[in-house]
Amino acid sequence: MEQKFEGTPAAEIRLDGRKLIRGPVTNDWGLRLQWVVSRGGEVVATANARTSTEYEPPADAPGQYEAVLQMWKYVDYRKDAKGEFVNSKFIDVSNKVTFTV
C-alpha cells in the first residue's frame with residue numbers, strides 16, 4: 001500500500017510562560033509528530049507531540065531557544081552508508097517560536 005501525502009500538515013504553536021501549546025494539525029498524515037527545541041542551532045530536546053498538546057521543554061541553561069513541530073515524511077527505506085535515511089525525513093509543520101531563559 002502506498003502512502004499518500006495529500007495536503008501539507010500545518011499547526012500553530014504558541015508560548016504560555018515556558019509551556020509550548022499546539023493547536024490541531026490540519027492535513028495530518030498520522031505519522032510521528034514531535035516537538036523540536038534548539039539552542040544556538042543545536043537540537044537540545046525532542047518529545048512526542050501526539051500524546052499531548054502541551055510541552056514544557058527542559059531549558060536549563062540560559063539563552064535563546066527556538067521550538068517547532070515536525071512530522072515524519074516517509075518516502076522509502078533507502079539509507080546511506082551511515083544508516084541515515086536518504087529520502088524520508090522530518091519536516092517542519094508549524095511556525096517557529098523563540099523564547100529566552
# chains A, B, ... in the order shown; residues from 1 in each chain; ligands from 1
>>> residues_around(residues="A:Val43", least_positions_apart="3", cutoff="10 Å", atoms="only C-alpha atoms", output="MDAnalysis selection string")
chainID A and resid 36:40 46 65:67
>>> write_last_selection(atoms="C-alpha atoms", output="PDB file, in the first residue's frame")
ATOM      1  CA  VAL A  36      11.963  20.030  18.491  1.00  0.00           C
ATOM      2  CA  VAL A  37      13.712  22.553  20.728  1.00  0.00           C
ATOM      3  CA  SER A  38      17.062  24.016  19.737  1.00  0.00           C
ATOM      4  CA  ARG A  39      19.531  26.459  21.230  1.00  0.00           C
ATOM      5  CA  GLY A  40      22.168  28.130  19.097  1.00  0.00           C
ATOM      6  CA  THR A  46      12.763  16.303  21.117  1.00  0.00           C
ATOM      7  CA  TYR A  65      15.710  28.827  22.342  1.00  0.00           C
ATOM      8  CA  GLU A  66      13.600  28.011  19.292  1.00  0.00           C
ATOM      9  CA  ALA A  67      10.783  25.455  19.102  1.00  0.00           C
TER      10      ALA A  67
END
>>> atom_distance(atom1="atom CA of A:Lys96", atom2="atom CA of A:Gly41")
12.8 Å
>>> atom_distance(atom1="atom CA of A:Asp92", atom2="atom CA of A:Arg32")
12.0 Å
>>> atom_distance(atom1="atom CA of A:Phe85", atom2="atom CA of A:Arg50")
22.3 Å
>>> residues_around(residues="A:Ser88", least_positions_apart="6", cutoff="6 Å", atoms="only C-alpha atoms", output="list in words")
Lys73, Tyr74 and Val75 of chain A
>>> residues_around(residues="A:Val97", least_positions_apart="2", cutoff="9 Å", atoms="only C-alpha atoms", output="JSON, numbers by chain")
{"A": [13, 14, 15, 20, 65, 66, 67, 68, 95, 99]}
>>> write_last_selection(atoms="C-alpha atoms", output="compact mmCIF listing (two decimals), in the first residue's frame")
# COMPACT_ATOMS: atom_id res chain seq x y z
CA ILE A 13 2.18 26.76 18.25
CA ARG A 14 2.37 29.42 20.94
CA LEU A 15 4.11 30.05 24.20
CA LEU A 20 4.53 25.32 24.47
CA TYR A 65 15.71 28.83 22.34
CA GLU A 66 13.60 28.01 19.29
CA ALA A 67 10.78 25.46 19.10
CA VAL A 68 8.93 23.93 16.15
CA ASN A 95 5.50 28.25 12.94
CA PHE A 99 11.91 32.21 23.79
>>> closest_residue(among="A:Thr51, A:Thr98, A:Asn27, A:Asn87", to="A:Ala11", atoms="only C-alpha atoms")
A:Asn27
>>> closest_residue(among="A:Asp60, A:Thr8, A:Ser94, A:Tyr55", to="A:Trp29", atoms="only C-alpha atoms")
A:Thr8
>>> closest_residue(among="A:Val44, A:Ala10, A:Ala81, A:Val25", to="A:Val93", atoms="only C-alpha atoms")
A:Ala10
>>> select_by_dssp(residues="stretch 14-100 of chain A", states="strand (DSSP E)", output="PDB file with C-alpha atoms, in the first residue's frame")
ATOM      1  CA  ARG A  14       2.366  29.421  20.942  1.00  0.00           C
ATOM      2  CA  LEU A  15       4.112  30.052  24.203  1.00  0.00           C
ATOM      3  CA  ASP A  16       2.303  30.291  27.552  1.00  0.00           C
ATOM      4  CA  LYS A  19       4.979  25.928  28.192  1.00  0.00           C
ATOM      5  CA  LEU A  20       4.530  25.315  24.467  1.00  0.00           C
ATOM      6  CA  ILE A  21       0.978  24.726  23.284  1.00  0.00           C
ATOM      7  CA  ARG A  22      -0.062  23.408  19.878  1.00  0.00           C
ATOM      8  CA  LEU A  33       4.702  14.271  15.333  1.00  0.00           C
ATOM      9  CA  GLN A  34       7.360  15.771  17.579  1.00  0.00           C
ATOM     10  CA  TRP A  35       8.423  18.916  19.370  1.00  0.00           C
ATOM     11  CA  VAL A  36      11.963  20.030  18.491  1.00  0.00           C
ATOM     12  CA  VAL A  37      13.712  22.553  20.728  1.00  0.00           C
ATOM     13  CA  SER A  38      17.062  24.016  19.737  1.00  0.00           C
ATOM     14  CA  ARG A  39      19.531  26.459  21.230  1.00  0.00           C
ATOM     15  CA  GLU A  42      21.774  22.711  18.048  1.00  0.00           C
ATOM     16  CA  VAL A  43      18.842  20.451  18.962  1.00  0.00           C
ATOM     17  CA  VAL A  44      18.629  20.163  22.762  1.00  0.00           C
ATOM     18  CA  ALA A  45      15.322  18.280  23.105  1.00  0.00           C
ATOM     19  CA  THR A  46      12.763  16.303  21.117  1.00  0.00           C
ATOM     20  CA  ALA A  47       9.490  14.987  22.505  1.00  0.00           C
ATOM     21  CA  ASN A  48       6.425  13.200  21.199  1.00  0.00           C
ATOM     22  CA  GLU A  54       1.356  20.906  25.659  1.00  0.00           C
ATOM     23  CA  TYR A  55       5.083  20.574  26.300  1.00  0.00           C
ATOM     24  CA  GLN A  64      17.671  31.916  23.415  1.00  0.00           C
ATOM     25  CA  TYR A  65      15.710  28.827  22.342  1.00  0.00           C
ATOM     26  CA  GLU A  66      13.600  28.011  19.292  1.00  0.00           C
ATOM     27  CA  ALA A  67      10.783  25.455  19.102  1.00  0.00           C
ATOM     28  CA  VAL A  68       8.933  23.931  16.150  1.00  0.00           C
ATOM     29  CA  LEU A  69       6.657  20.964  15.432  1.00  0.00           C
ATOM     30  CA  GLN A  70       7.933  18.394  12.968  1.00  0.00           C
ATOM     31  CA  MET A  71       6.271  15.428  11.285  1.00  0.00           C
ATOM     32  CA  TRP A  72       7.951  12.397   9.726  1.00  0.00           C
ATOM     33  CA  LYS A  73       7.572  12.215   5.966  1.00  0.00           C
ATOM     34  CA  LYS A  89      12.872  12.893   6.842  1.00  0.00           C
ATOM     35  CA  PHE A  90      11.217  15.124   9.431  1.00  0.00           C
ATOM     36  CA  ILE A  91       9.667  18.308   8.029  1.00  0.00           C
ATOM     37  CA  ASP A  92       8.553  21.447   9.886  1.00  0.00           C
ATOM     38  CA  VAL A  97       8.541  30.131  18.417  1.00  0.00           C
ATOM     39  CA  THR A  98      11.543  31.803  20.036  1.00  0.00           C
ATOM     40  CA  PHE A  99      11.905  32.208  23.792  1.00  0.00           C
ATOM     41  CA  THR A 100      14.621  33.251  26.235  1.00  0.00           C
TER      42      THR A 100
END
>>> closest_residue(among="A:Thr53, A:Asp76, A:Glu84, A:Pro9", to="A:Gly30", atoms="only C-alpha atoms")
A:Pro9
